[in-house]
$ cat my_file_13.tsv   # TSV, C-alpha atoms
chain	number	residue	atom	x	y	z
A	1	MET	CA	-82.54	-18.58	-67.52
A	2	LYS	CA	-84.91	-18.25	-70.47
A	3	ILE	CA	-84.34	-16.10	-73.53
A	4	ILE	CA	-86.42	-15.54	-76.64
A	5	CYS	CA	-85.00	-15.62	-80.17
A	6	THR	CA	-87.62	-14.18	-82.46
A	7	ASP	CA	-87.92	-13.47	-86.16
A	8	LEU	CA	-88.89	-9.92	-87.18
A	9	GLU	CA	-90.83	-9.65	-90.46
A	10	GLY	CA	-94.15	-11.45	-90.38
A	11	ILE	CA	-93.99	-11.45	-86.57
A	12	TYR	CA	-93.88	-7.71	-85.68
A	13	LEU	CA	-93.55	-6.05	-89.09
A	14	PRO	CA	-95.08	-6.62	-92.50
A	15	GLU	CA	-92.66	-8.14	-95.03
A	16	ILE	CA	-90.50	-5.22	-96.25
A	17	TRP	CA	-90.01	-6.62	-99.76
A	18	ILE	CA	-93.76	-7.16	-100.22
A	19	LYS	CA	-94.38	-3.53	-99.25
A	20	PHE	CA	-91.69	-2.48	-101.73
A	21	ALA	CA	-93.25	-4.69	-104.43
A	22	GLU	CA	-96.60	-3.03	-103.86
A	23	LYS	CA	-95.05	0.43	-104.11
A	24	THR	CA	-93.06	-0.28	-107.27
A	25	GLY	CA	-95.64	-2.54	-108.88
A	26	ILE	CA	-92.92	-5.18	-109.50
A	27	ASP	CA	-94.71	-8.40	-108.68
A	28	GLU	CA	-91.56	-10.56	-108.61
A	29	LEU	CA	-90.36	-8.63	-105.54
A	30	ARG	CA	-93.27	-10.15	-103.62
A	31	LEU	CA	-91.37	-13.41	-103.20
A	32	THR	CA	-90.06	-13.98	-99.66
A	33	THR	CA	-88.43	-16.80	-97.71
A	34	ARG	CA	-91.95	-18.14	-97.35
A	35	ASP	CA	-91.82	-18.88	-101.10
A	36	ILE	CA	-88.12	-19.52	-101.82
A	37	PRO	CA	-86.46	-21.40	-98.97
A	38	ASP	CA	-82.89	-20.71	-100.21
A	39	TYR	CA	-82.09	-17.22	-99.01
A	40	ASP	CA	-79.11	-16.73	-101.35
A	41	VAL	CA	-81.20	-17.61	-104.40
A	42	LEU	CA	-83.93	-15.25	-103.24
A	43	MET	CA	-81.55	-12.34	-102.57
A	44	GLN	CA	-79.71	-12.66	-105.88
A	45	LYS	CA	-83.09	-12.54	-107.60
A	46	ARG	CA	-84.03	-9.40	-105.70
A	47	LEU	CA	-80.71	-7.68	-106.42
A	48	ASN	CA	-81.05	-8.45	-110.15
A	49	ILE	CA	-84.52	-6.93	-110.19
A	50	LEU	CA	-83.26	-3.80	-108.43
A	51	LYS	CA	-80.45	-3.44	-110.98
A	52	GLU	CA	-82.74	-3.98	-113.98
A	53	ASN	CA	-85.09	-1.31	-112.70
A	54	ASN	CA	-82.33	1.09	-111.57
A	55	LEU	CA	-83.68	1.05	-108.01
A	56	LYS	CA	-81.39	2.30	-105.25
A	57	LEU	CA	-81.18	1.78	-101.49
A	58	LYS	CA	-82.96	5.12	-100.99
A	59	ASP	CA	-85.96	3.92	-103.05
A	60	ILE	CA	-86.36	1.08	-100.55
A	61	THR	CA	-85.71	3.11	-97.39
A	62	ASP	CA	-88.26	5.71	-98.59
A	63	VAL	CA	-90.86	2.92	-98.57
A	64	ILE	CA	-89.60	1.57	-95.25
A	65	LYS	CA	-90.18	4.96	-93.63
A	66	THR	CA	-93.90	4.54	-94.37
A	67	ILE	CA	-94.10	1.04	-92.80
A	68	GLU	CA	-95.66	0.66	-89.36
A	69	PRO	CA	-95.38	-2.35	-87.01
A	70	LEU	CA	-98.25	-4.85	-87.19
A	71	ASN	CA	-101.28	-4.05	-85.11
A	72	GLY	CA	-100.50	-4.88	-81.46
A	73	ALA	CA	-96.82	-5.62	-82.11
A	74	ILE	CA	-95.40	-2.73	-80.08
A	75	GLU	CA	-97.51	-3.61	-77.02
A	76	PHE	CA	-96.75	-7.32	-77.34
A	77	LEU	CA	-93.01	-6.79	-77.64
A	78	ASP	CA	-93.03	-4.34	-74.71
A	79	TRP	CA	-94.77	-6.97	-72.61
A	80	LEU	CA	-92.41	-9.72	-73.74
A	81	ARG	CA	-89.32	-7.66	-72.90
A	82	SER	CA	-90.75	-6.92	-69.45
A	83	VAL	CA	-90.84	-10.63	-68.57
A	84	VAL	CA	-87.88	-12.17	-70.42
A	85	GLN	CA	-84.79	-11.21	-72.43
A	86	VAL	CA	-85.37	-10.99	-76.18
A	87	ILE	CA	-83.05	-11.11	-79.19
A	88	VAL	CA	-84.56	-10.42	-82.61
A	89	VAL	CA	-82.81	-12.72	-85.08
A	90	SER	CA	-83.55	-11.76	-88.65
A	91	ASP	CA	-82.31	-12.24	-92.20
A	92	THR	CA	-83.03	-8.58	-92.88
A	93	PHE	CA	-80.33	-5.92	-93.31
A	94	ILE	CA	-79.40	-3.31	-90.75
A	95	GLU	CA	-79.87	-0.59	-93.39
A	96	PHE	CA	-83.54	-1.60	-93.74
A	97	ALA	CA	-84.28	-2.43	-90.13
A	98	THR	CA	-82.92	0.53	-88.16
A	99	PRO	CA	-85.89	2.94	-88.57
A	100	LEU	CA	-88.33	0.10	-87.88
A	101	MET	CA	-86.48	-1.08	-84.77
A	102	LYS	CA	-86.87	2.41	-83.36
A	103	LYS	CA	-90.64	2.06	-83.72
A	104	LEU	CA	-90.42	-1.28	-81.85
A	105	GLY	CA	-88.47	0.25	-78.92
A	106	ARG	CA	-85.07	-0.95	-80.14
A	107	PRO	CA	-84.90	-4.60	-79.07
A	108	ALA	CA	-81.47	-6.15	-79.76
A	109	LEU	CA	-81.22	-7.25	-83.40
A	110	PHE	CA	-78.88	-9.81	-84.95
A	111	CYS	CA	-79.04	-9.46	-88.75
A	112	HIS	CA	-76.96	-8.82	-91.91
A	113	ASN	CA	-75.76	-5.78	-93.83
A	114	LEU	CA	-75.86	-4.54	-97.42
A	115	ILE	CA	-73.03	-3.57	-99.75
A	116	VAL	CA	-73.88	-0.23	-101.31
A	117	ASP	CA	-71.83	1.57	-103.98
A	118	GLN	CA	-71.07	5.29	-104.13
A	119	LYS	CA	-74.18	5.95	-106.23
A	120	GLY	CA	-76.40	4.29	-103.59
A	121	ALA	CA	-77.02	1.10	-105.59
A	122	ILE	CA	-77.19	-2.15	-103.64
A	123	THR	CA	-74.48	-4.31	-105.21
A	124	GLY	CA	-74.50	-7.17	-102.72
A	125	TYR	CA	-74.90	-8.16	-99.11
A	126	ASN	CA	-72.88	-9.59	-96.27
A	127	LEU	CA	-74.45	-12.44	-94.38
A	128	ARG	CA	-73.02	-12.07	-90.89
A	129	GLN	CA	-72.74	-15.84	-91.13
A	130	LYS	CA	-74.42	-18.78	-92.84
A	131	ASP	CA	-77.30	-20.32	-90.89
A	132	GLY	CA	-77.00	-17.42	-88.44
A	133	LYS	CA	-80.36	-18.04	-86.80
A	134	ARG	CA	-79.48	-21.55	-85.70
A	135	LYS	CA	-75.99	-20.46	-84.65
A	136	THR	CA	-77.43	-17.68	-82.49
A	137	VAL	CA	-79.52	-20.23	-80.60
A	138	GLN	CA	-76.47	-22.48	-80.22
A	139	ALA	CA	-74.37	-19.60	-78.87
A	140	LEU	CA	-77.05	-18.64	-76.34
A	141	LYS	CA	-77.36	-22.27	-75.22
A	142	GLY	CA	-73.59	-22.16	-74.67
A	143	LEU	CA	-74.21	-19.21	-72.34
A	144	ASN	CA	-76.63	-21.40	-70.31
A	145	PHE	CA	-79.79	-19.82	-71.64
A	146	ASP	CA	-82.89	-21.92	-72.34
A	147	VAL	CA	-83.97	-20.67	-75.73
A	148	ILE	CA	-87.55	-20.28	-76.94
A	149	ALA	CA	-87.63	-19.44	-80.66
A	150	ILE	CA	-90.46	-17.81	-82.61
A	151	GLY	CA	-90.64	-17.75	-86.40
A	152	ASP	CA	-93.00	-18.01	-89.34
A	153	SER	CA	-90.99	-19.20	-92.31
A	154	TYR	CA	-88.51	-21.62	-93.86
A	155	ASN	CA	-85.50	-19.61	-92.78
A	156	ASP	CA	-86.64	-19.89	-89.15
A	157	VAL	CA	-86.93	-23.67	-89.07
A	158	SER	CA	-83.31	-24.45	-88.13
A	159	MET	CA	-83.58	-21.88	-85.30
A	160	LEU	CA	-86.84	-23.42	-84.09
A	161	LYS	CA	-85.34	-26.92	-84.20
A	162	GLU	CA	-82.20	-25.84	-82.30
A	163	ALA	CA	-84.19	-24.12	-79.55
A	164	GLU	CA	-85.51	-25.89	-76.48
A	165	GLN	CA	-88.96	-24.88	-77.75
A	166	GLY	CA	-89.77	-23.61	-81.25
A	167	ILE	CA	-93.07	-21.88	-82.04
A	168	LEU	CA	-94.57	-21.10	-85.44
A	169	PHE	CA	-96.40	-17.78	-85.38
A	170	ASN	CA	-98.87	-16.92	-88.16
A	171	PRO	CA	-97.11	-19.28	-90.60
A	172	PRO	CA	-98.31	-19.89	-94.17
A	173	ASP	CA	-100.06	-23.24	-94.61
A	174	LYS	CA	-97.19	-24.90	-96.44
A	175	VAL	CA	-94.69	-24.18	-93.66
A	176	LYS	CA	-97.21	-25.32	-91.05
A	177	ASN	CA	-97.92	-28.56	-92.94
A	178	GLU	CA	-94.28	-29.30	-93.66
A	179	PHE	CA	-93.24	-28.91	-90.01
A	180	PRO	CA	-96.12	-30.27	-87.94
A	181	ASN	CA	-94.02	-30.76	-84.80
A	182	PHE	CA	-94.01	-27.09	-83.82
A	183	PRO	CA	-96.96	-25.58	-81.98
A	184	VAL	CA	-98.73	-23.02	-84.18
A	185	THR	CA	-100.15	-19.80	-82.79
A	186	CYS	CA	-102.02	-17.07	-84.63
A	187	GLY	CA	-102.36	-13.63	-83.03
A	188	TYR	CA	-100.54	-12.12	-80.06
A	189	ASP	CA	-103.51	-12.95	-77.81
A	190	LYS	CA	-102.70	-16.64	-78.41
A	191	LEU	CA	-98.92	-16.31	-78.35
A	192	LYS	CA	-98.86	-14.46	-75.02
A	193	PRO	CA	-100.39	-17.20	-72.82
A	194	LEU	CA	-98.24	-19.87	-74.51
A	195	LEU	CA	-95.07	-17.88	-73.83
A	196	THR	CA	-96.18	-17.07	-70.28
A	197	GLU	CA	-96.45	-20.80	-69.63
A	198	LEU	CA	-93.11	-21.62	-71.28
A	199	ILE	CA	-91.20	-18.86	-69.49
A	200	LYS	CA	-92.50	-20.04	-66.10
A	201	THR	CA	-91.39	-23.66	-66.45
B	1	MET	CA	-70.68	-6.19	-87.74
B	2	LYS	CA	-69.97	-4.40	-84.46
B	3	ILE	CA	-71.73	-5.04	-81.18
B	4	ILE	CA	-71.30	-3.49	-77.74
B	5	CYS	CA	-71.06	-5.52	-74.53
B	6	THR	CA	-71.46	-3.13	-71.66
B	7	ASP	CA	-71.53	-3.37	-67.90
B	8	LEU	CA	-74.53	-1.85	-66.10
B	9	GLU	CA	-73.83	-0.54	-62.59
B	10	GLY	CA	-71.29	2.25	-62.52
B	11	ILE	CA	-71.89	2.82	-66.24
B	12	TYR	CA	-75.62	3.69	-66.41
B	13	LEU	CA	-76.79	3.12	-62.85
B	14	PRO	CA	-75.38	3.82	-59.41
B	15	GLU	CA	-74.16	0.70	-57.59
B	16	ILE	CA	-77.32	-0.94	-56.17
B	17	TRP	CA	-75.57	-2.38	-53.10
B	18	ILE	CA	-74.08	0.99	-52.19
B	19	LYS	CA	-77.53	2.57	-52.36
B	20	PHE	CA	-78.84	-0.23	-50.16
B	21	ALA	CA	-75.94	0.26	-47.72
B	22	GLU	CA	-76.78	3.95	-47.47
B	23	LYS	CA	-80.45	3.18	-46.81
B	24	THR	CA	-79.79	0.53	-44.15
B	25	GLY	CA	-76.74	2.20	-42.62
B	26	ILE	CA	-74.80	-1.09	-42.90
B	27	ASP	CA	-71.38	0.07	-44.04
B	28	GLU	CA	-70.12	-3.40	-44.97
B	29	LEU	CA	-72.70	-3.57	-47.76
B	30	ARG	CA	-70.81	-0.75	-49.50
B	31	LEU	CA	-68.22	-3.23	-50.79
B	32	THR	CA	-68.52	-3.95	-54.53
B	33	THR	CA	-66.50	-5.78	-57.19
B	34	ARG	CA	-64.40	-2.63	-57.25
B	35	ASP	CA	-63.18	-3.60	-53.76
B	36	ILE	CA	-63.38	-7.41	-53.72
B	37	PRO	CA	-62.42	-8.89	-57.09
B	38	ASP	CA	-63.78	-12.39	-56.27
B	39	TYR	CA	-67.50	-12.17	-56.92
B	40	ASP	CA	-68.37	-15.34	-54.98
B	41	VAL	CA	-66.56	-14.09	-51.88
B	42	LEU	CA	-68.31	-10.74	-52.18
B	43	MET	CA	-71.78	-12.26	-52.63
B	44	GLN	CA	-71.44	-14.71	-49.73
B	45	LYS	CA	-70.46	-11.77	-47.54
B	46	ARG	CA	-73.51	-9.82	-48.67
B	47	LEU	CA	-75.88	-12.77	-48.13
B	48	ASN	CA	-74.52	-13.29	-44.60
B	49	ILE	CA	-75.10	-9.64	-43.77
B	50	LEU	CA	-78.68	-9.84	-45.09
B	51	LYS	CA	-79.34	-12.91	-42.94
B	52	GLU	CA	-77.80	-11.40	-39.80
B	53	ASN	CA	-79.97	-8.31	-40.23
B	54	ASN	CA	-83.12	-10.21	-41.26
B	55	LEU	CA	-83.26	-8.28	-44.53
B	56	LYS	CA	-85.44	-9.69	-47.32
B	57	LEU	CA	-85.54	-9.31	-51.11
B	58	LYS	CA	-88.36	-6.80	-50.73
B	59	ASP	CA	-86.18	-4.56	-48.54
B	60	ILE	CA	-83.72	-4.34	-51.41
B	61	THR	CA	-86.29	-3.92	-54.19
B	62	ASP	CA	-87.97	-1.15	-52.19
B	63	VAL	CA	-84.66	0.74	-52.35
B	64	ILE	CA	-84.17	-0.16	-56.01
B	65	LYS	CA	-87.51	1.45	-56.88
B	66	THR	CA	-86.07	4.78	-55.71
B	67	ILE	CA	-82.91	4.51	-57.85
B	68	GLU	CA	-82.66	6.56	-61.03
B	69	PRO	CA	-80.19	6.07	-63.92
B	70	LEU	CA	-77.06	8.23	-63.79
B	71	ASN	CA	-77.37	11.70	-65.22
B	72	GLY	CA	-77.32	11.45	-69.03
B	73	ALA	CA	-77.41	7.63	-69.07
B	74	ILE	CA	-80.83	7.29	-70.71
B	75	GLU	CA	-79.93	9.68	-73.54
B	76	PHE	CA	-76.50	8.08	-74.04
B	77	LEU	CA	-77.90	4.55	-74.19
B	78	ASP	CA	-80.66	5.66	-76.58
B	79	TRP	CA	-78.03	7.15	-78.85
B	80	LEU	CA	-75.81	4.06	-78.61
B	81	ARG	CA	-78.67	1.72	-79.49
B	82	SER	CA	-79.54	3.88	-82.51
B	83	VAL	CA	-76.09	3.33	-84.04
B	84	VAL	CA	-75.07	-0.21	-82.95
B	85	GLN	CA	-76.45	-3.32	-81.27
B	86	VAL	CA	-75.98	-3.41	-77.50
B	87	ILE	CA	-76.01	-6.22	-74.93
B	88	VAL	CA	-75.79	-5.26	-71.26
B	89	VAL	CA	-73.65	-7.90	-69.54
B	90	SER	CA	-73.87	-7.64	-65.78
B	91	ASP	CA	-73.21	-9.60	-62.60
B	92	THR	CA	-76.44	-8.23	-61.15
B	93	PHE	CA	-79.58	-10.33	-60.64
B	94	ILE	CA	-82.69	-10.15	-62.78
B	95	GLU	CA	-84.79	-9.60	-59.63
B	96	PHE	CA	-82.85	-6.37	-58.95
B	97	ALA	CA	-82.42	-5.18	-62.51
B	98	THR	CA	-85.88	-5.47	-64.07
B	99	PRO	CA	-87.39	-2.17	-62.80
B	100	LEU	CA	-84.17	-0.32	-63.62
B	101	MET	CA	-83.94	-1.77	-67.14
B	102	LYS	CA	-87.40	-0.38	-67.82
B	103	LYS	CA	-86.09	3.10	-66.98
B	104	LEU	CA	-83.22	2.49	-69.45
B	105	GLY	CA	-85.58	1.50	-72.29
B	106	ARG	CA	-85.09	-2.25	-71.82
B	107	PRO	CA	-81.80	-3.01	-73.57
B	108	ALA	CA	-81.05	-6.75	-73.69
B	109	LEU	CA	-79.54	-7.90	-70.38
B	110	PHE	CA	-77.45	-11.01	-69.69
B	111	CYS	CA	-77.18	-11.49	-65.91
B	112	HIS	CA	-77.86	-13.92	-63.02
B	113	ASN	CA	-80.78	-14.75	-60.76
B	114	LEU	CA	-81.42	-15.07	-57.03
B	115	ILE	CA	-82.70	-17.98	-54.98
B	116	VAL	CA	-85.45	-16.72	-52.70
B	117	ASP	CA	-87.27	-18.78	-50.05
B	118	GLN	CA	-90.99	-18.71	-49.31
B	119	LYS	CA	-90.55	-15.99	-46.73
B	120	GLY	CA	-88.81	-13.74	-49.27
B	121	ALA	CA	-85.31	-14.20	-47.83
B	122	ILE	CA	-82.45	-14.41	-50.33
B	123	THR	CA	-80.82	-17.76	-49.60
B	124	GLY	CA	-78.45	-17.92	-52.55
B	125	TYR	CA	-77.94	-17.09	-56.20
B	126	ASN	CA	-77.50	-18.81	-59.54
B	127	LEU	CA	-74.65	-17.58	-61.66
B	128	ARG	CA	-75.87	-18.22	-65.21
B	129	GLN	CA	-72.29	-19.38	-65.71
B	130	LYS	CA	-68.81	-18.73	-64.33
B	131	ASP	CA	-66.90	-15.93	-66.10
B	132	GLY	CA	-70.12	-15.13	-67.99
B	133	LYS	CA	-68.93	-11.74	-69.20
B	134	ARG	CA	-65.95	-13.16	-71.06
B	135	LYS	CA	-68.00	-16.06	-72.39
B	136	THR	CA	-70.63	-13.67	-73.75
B	137	VAL	CA	-67.94	-11.87	-75.76
B	138	GLN	CA	-66.59	-15.22	-76.99
B	139	ALA	CA	-70.07	-16.35	-78.07
B	140	LEU	CA	-70.70	-13.11	-79.96
B	141	LYS	CA	-67.32	-13.41	-81.69
B	142	GLY	CA	-68.43	-16.88	-82.76
B	143	LEU	CA	-71.45	-15.20	-84.38
B	144	ASN	CA	-69.03	-12.99	-86.38
B	145	PHE	CA	-69.58	-9.86	-84.35
B	146	ASP	CA	-66.69	-7.50	-83.61
B	147	VAL	CA	-67.13	-6.81	-79.93
B	148	ILE	CA	-66.43	-3.51	-78.17
B	149	ALA	CA	-66.68	-3.94	-74.38
B	150	ILE	CA	-67.25	-1.23	-71.78
B	151	GLY	CA	-66.71	-1.75	-68.05
B	152	ASP	CA	-65.45	-0.09	-64.90
B	153	SER	CA	-64.39	-2.82	-62.53
B	154	TYR	CA	-62.44	-6.03	-61.83
B	155	ASN	CA	-65.28	-8.27	-62.93
B	156	ASP	CA	-65.25	-6.56	-66.34
B	157	VAL	CA	-61.57	-7.09	-67.09
B	158	SER	CA	-61.85	-10.57	-68.67
B	159	MET	CA	-64.65	-9.22	-70.92
B	160	LEU	CA	-62.56	-6.20	-71.90
B	161	LYS	CA	-59.57	-8.44	-72.66
B	162	GLU	CA	-61.64	-10.86	-74.76
B	163	ALA	CA	-63.22	-8.06	-76.83
B	164	GLU	CA	-61.63	-6.60	-79.93
B	165	GLN	CA	-61.56	-3.32	-78.01
B	166	GLY	CA	-62.06	-2.90	-74.28
B	167	ILE	CA	-62.78	0.48	-72.69
B	168	LEU	CA	-62.67	1.46	-69.04
B	169	PHE	CA	-65.41	3.97	-68.21
B	170	ASN	CA	-65.20	5.99	-64.98
B	171	PRO	CA	-63.02	3.32	-63.31
B	172	PRO	CA	-61.64	3.70	-59.80
B	173	ASP	CA	-57.92	4.54	-59.73
B	174	LYS	CA	-56.78	1.08	-58.66
B	175	VAL	CA	-58.49	-0.64	-61.61
B	176	LYS	CA	-57.15	2.01	-63.98
B	177	ASN	CA	-53.61	1.63	-62.64
B	178	GLU	CA	-53.69	-2.16	-62.60
B	179	PHE	CA	-54.86	-2.39	-66.23
B	180	PRO	CA	-53.12	0.45	-68.06
B	181	ASN	CA	-53.64	-1.10	-71.51
B	182	PHE	CA	-57.29	-0.11	-71.81
B	183	PRO	CA	-58.27	3.40	-72.87
B	184	VAL	CA	-59.97	5.25	-70.02
B	185	THR	CA	-62.91	7.59	-70.57
B	186	CYS	CA	-64.80	9.62	-68.00
B	187	GLY	CA	-68.24	11.00	-68.86
B	188	TYR	CA	-70.58	10.15	-71.74
B	189	ASP	CA	-69.37	13.21	-73.64
B	190	LYS	CA	-65.93	11.54	-73.86
B	191	LEU	CA	-67.20	7.99	-74.41
B	192	LYS	CA	-69.48	8.96	-77.31
B	193	PRO	CA	-66.80	10.23	-79.73
B	194	LEU	CA	-64.52	7.28	-78.90
B	195	LEU	CA	-67.32	4.80	-79.65
B	196	THR	CA	-68.34	6.70	-82.78
B	197	GLU	CA	-64.80	6.27	-84.08
B	198	LEU	CA	-64.59	2.57	-83.10
B	199	ILE	CA	-67.98	1.69	-84.61
B	200	LYS	CA	-67.01	3.31	-87.93
B	201	THR	CA	-63.76	1.39	-88.42
$ encode --input "my_file_13.tsv" --output "structure tokens"
Amino acid sequence: MKIICTDLEGIYLPEIWIKFAEKTGIDELRLTTRDIPDYDVLMQKRLNILKENNLKLKDITDVIKTIEPLNGAIEFLDWLRSVVQVIVVSDTFIEFATPLMKKLGRPALFCHNLIVDQKGAITGYNLRQKDGKRKTVQALKGLNFDVIAIGDSYNDVSMLKEAEQGILFNPPDKVKNEFPNFPVTCGYDKLKPLLTELIKT
Amino acid sequence: MKIICTDLEGIYLPEIWIKFAEKTGIDELRLTTRDIPDYDVLMQKRLNILKENNLKLKDITDVIKTIEPLNGAIEFLDWLRSVVQVIVVSDTFIEFATPLMKKLGRPALFCHNLIVDQKGAITGYNLRQKDGKRKTVQALKGLNFDVIAIGDSYNDVSMLKEAEQGILFNPPDKVKNEFPNFPVTCGYDKLKPLLTELIKT
């Protein structure tokens, strides 16, 4: 039986941190896993910036409330979930994702969580586990699922490699060029026929 | 991070085979995993009855189209998915479940699939794996989830035992009496506060 493991930001949602960077005018917050492959390095950088600027969880969730799914994402994900089981596997945090998942019809989400102090400052984060995307694919393979994985960035690559079929969706050029073995699709109108074919076989 | 593994029929939906038994008037089709603990024995019995009566997949799906979720199930499941991740783990078949999952808002479903011949007769079934409910809980534990499992019947017991916390929901008396170690709840209004407490801790 087939199952889809899919990334979240860049696939169905704009990058949350980029939106927050735009809102605050702090350019350094624009960096994502597309730019810094090591997630721990990236997150420590972000947390330092938040601290320096006295920004709290609520400042981020206020921006998140204004974010809408990418154009066509809701319809695409509805279609996908009507033909195959889907797990969203993301390096985001449940505190950020919950309002956005509602807008996407609440697909199952495997992600991380933040550590927040009594004043609402983000003091750290709990990775549910290291290399959680790849391990999710492994676990599903152990349950006799054939996994198709969809991602756009460095932190998706181990998941795409572990899956029976990995697909890069709207990736930046450097990810695309560095990993030429994955098929690349841009736009849901291209992704849909590819997945239809893969789910059938 | 918490996650819920929950059975489907008897929890959110009436038992599909019982509905089909009522429609066809074939009393033997009323047997479920609540009556015959060995799923293979039960399914072979069902398949033989279908063959004897020349009943096809379409005869069953026609009945399934008329089935509605249990009273309050849609609202309960919406609430549950707003506070925690949920995987429905069922011994049903994807061919039966798909239209019903749509009515439930398409939570992720781990189940089995049927083997259907060219004339639409059900000739067999593929278990995704043996003891799939327990193995799903094991796999999720391996992904560092704390699993809360909800079930009502014999085929749920290994899942309930494997979980950090197992809960019997609306179980028949003989299941309840045979497995007195699990808390028993009847009605979503009782299940909701129990889960709220368990998710918090």
$ atom_distance --input "my_file_13.tsv" --atom1 "CA of Ile18 (chain A)" --atom2 "CA of Leu57 (chain A)"
15.5 Å
$ closest_residue --input "my_file_13.tsv" --among "B:Ile67, B:Ile36, B:Leu13, B:Val137" --to "chain A" --atoms "all atoms listed in the file"
B:Val137
$ atom_distance --input "my_file_13.tsv" --atom1 "CA of Thr66 (chain B)" --atom2 "CA of Thr24 (chain B)"
13.8 Å
$ closest_atom_pairs --input "my_file_13.tsv" --of "chain B" --to "chain A" --cutoff "12 Å" --atoms "only C-alpha atoms" --output "Markdown table"
| residue | atom | partner | partner_atom | distance |
| --- | --- | --- | --- | --- |
| B:Met1 | CA | A:Arg128 | CA | 7.1 |
| B:Lys2 | CA | A:Phe110 | CA | 10.4 |
| B:Ile3 | CA | A:Phe110 | CA | 9.4 |
| B:Ile4 | CA | A:Ala108 | CA | 10.7 |
| B:Cys5 | CA | A:Ala108 | CA | 11.7 |
| B:Leu77 | CA | A:Arg106 | CA | 10.8 |
| B:Asp78 | CA | A:Arg106 | CA | 8.7 |
| B:Trp79 | CA | A:Arg106 | CA | 10.8 |
| B:Leu80 | CA | A:Arg106 | CA | 10.6 |
| B:Arg81 | CA | A:Arg106 | CA | 7.0 |
| B:Ser82 | CA | A:Thr98 | CA | 7.4 |
| B:Val83 | CA | A:Thr98 | CA | 8.5 |
| B:Val84 | CA | A:Ala108 | CA | 9.3 |
| B:Gln85 | CA | A:Ala108 | CA | 6.0 |
| B:Val86 | CA | A:Ala108 | CA | 6.5 |
| B:Ile87 | CA | A:Ala108 | CA | 7.3 |
| B:Val88 | CA | A:Ala108 | CA | 10.3 |
| B:Val89 | CA | A:Leu143 | CA | 11.7 |
| B:Phe93 | CA | A:Met1 | CA | 11.1 |
| B:Ile94 | CA | A:Val84 | CA | 9.5 |
| B:Glu95 | CA | A:Val83 | CA | 10.8 |
| B:Ala97 | CA | A:Ser82 | CA | 11.0 |
| B:Thr98 | CA | A:Ser82 | CA | 7.4 |
| B:Pro99 | CA | A:Ser82 | CA | 8.8 |
| B:Leu100 | CA | A:Ser82 | CA | 11.0 |
| B:Met101 | CA | A:Ser82 | CA | 8.8 |
| B:Lys102 | CA | A:Ser82 | CA | 7.5 |
| B:Lys103 | CA | A:Ser82 | CA | 11.3 |
| B:Leu104 | CA | A:Gly105 | CA | 11.1 |
| B:Gly105 | CA | A:Gly105 | CA | 7.3 |
| B:Arg106 | CA | A:Arg81 | CA | 7.0 |
| B:Pro107 | CA | A:Pro107 | CA | 6.5 |
| B:Ala108 | CA | A:Gln85 | CA | 6.0 |
| B:Leu109 | CA | A:Gln85 | CA | 6.5 |
| B:Phe110 | CA | A:Gln85 | CA | 7.8 |
| B:Cys111 | CA | A:Met1 | CA | 9.0 |
| B:His112 | CA | A:Met1 | CA | 8.0 |
| B:Asn113 | CA | A:Met1 | CA | 8.0 |
| B:Leu114 | CA | A:Met1 | CA | 11.1 |
| B:Asn126 | CA | A:Met1 | CA | 9.4 |
| B:Leu127 | CA | A:Asn144 | CA | 9.7 |
| B:Arg128 | CA | A:Asn144 | CA | 6.1 |
| B:Gln129 | CA | A:Asn144 | CA | 6.6 |
| B:Lys130 | CA | A:Leu143 | CA | 9.7 |
| B:Asp131 | CA | A:Leu143 | CA | 10.2 |
| B:Gly132 | CA | A:Leu143 | CA | 7.2 |
| B:Lys133 | CA | A:Leu143 | CA | 9.7 |
| B:Arg134 | CA | A:Leu143 | CA | 10.3 |
| B:Lys135 | CA | A:Leu143 | CA | 7.0 |
| B:Thr136 | CA | A:Leu143 | CA | 6.7 |
| B:Val137 | CA | A:Leu143 | CA | 10.2 |
| B:Gln138 | CA | A:Ala139 | CA | 9.1 |
| B:Ala139 | CA | A:Ala139 | CA | 5.4 |
| B:Leu140 | CA | A:Ala139 | CA | 7.5 |
| B:Lys141 | CA | A:Ala139 | CA | 9.8 |
| B:Gly142 | CA | A:Ala139 | CA | 7.6 |
| B:Leu143 | CA | A:Thr136 | CA | 6.7 |
| B:Asn144 | CA | A:Arg128 | CA | 6.1 |
| B:Phe145 | CA | A:Arg128 | CA | 7.7 |
| B:Asp146 | CA | A:Arg128 | CA | 10.7 |
$ atom_distance --input "my_file_13.tsv" --atom1 "CA of Glu22 (chain A)" --atom2 "CA of Leu47 (chain A)"
16.8 Å
$ residues_near_point --input "my_file_13.tsv" --point "(-90.1, -12.6, -99.4)" --cutoff "9 Å" --atoms "all atoms listed in the file" --output "list in words"
Glu15, Ile16, Trp17, Ile18, Leu29, Arg30, Leu31, Thr32, Thr33, Arg34, Asp35, Ile36 and Leu42 of chain A
$ residues_around --input "my_file_13.tsv" --residues "Val184 (chain A)" --least-positions-apart "5" --cutoff "10 Å" --atoms "all atoms listed in the file" --output "VMD selection string"
chain A and resid 150 to 152 166 to 171 176 179 190 to 191
$ residues_near_point --input "my_file_13.tsv" --point "(-98.2, -9.1, -77.5)" --cutoff "6 Å" --atoms "all atoms listed in the file" --output "PyMOL selection string"
chain A and resi 73+75-77+188+192
$ residues_around --input "my_file_13.tsv" --residues "Glu52 (chain B)" --least-positions-apart "4" --cutoff "12 Å" --atoms "only C-alpha atoms" --output "list in words"
Ile26, Lys45, Arg46, Leu47, Asn48, Lys56, Ala121 and Ile122 of chain B
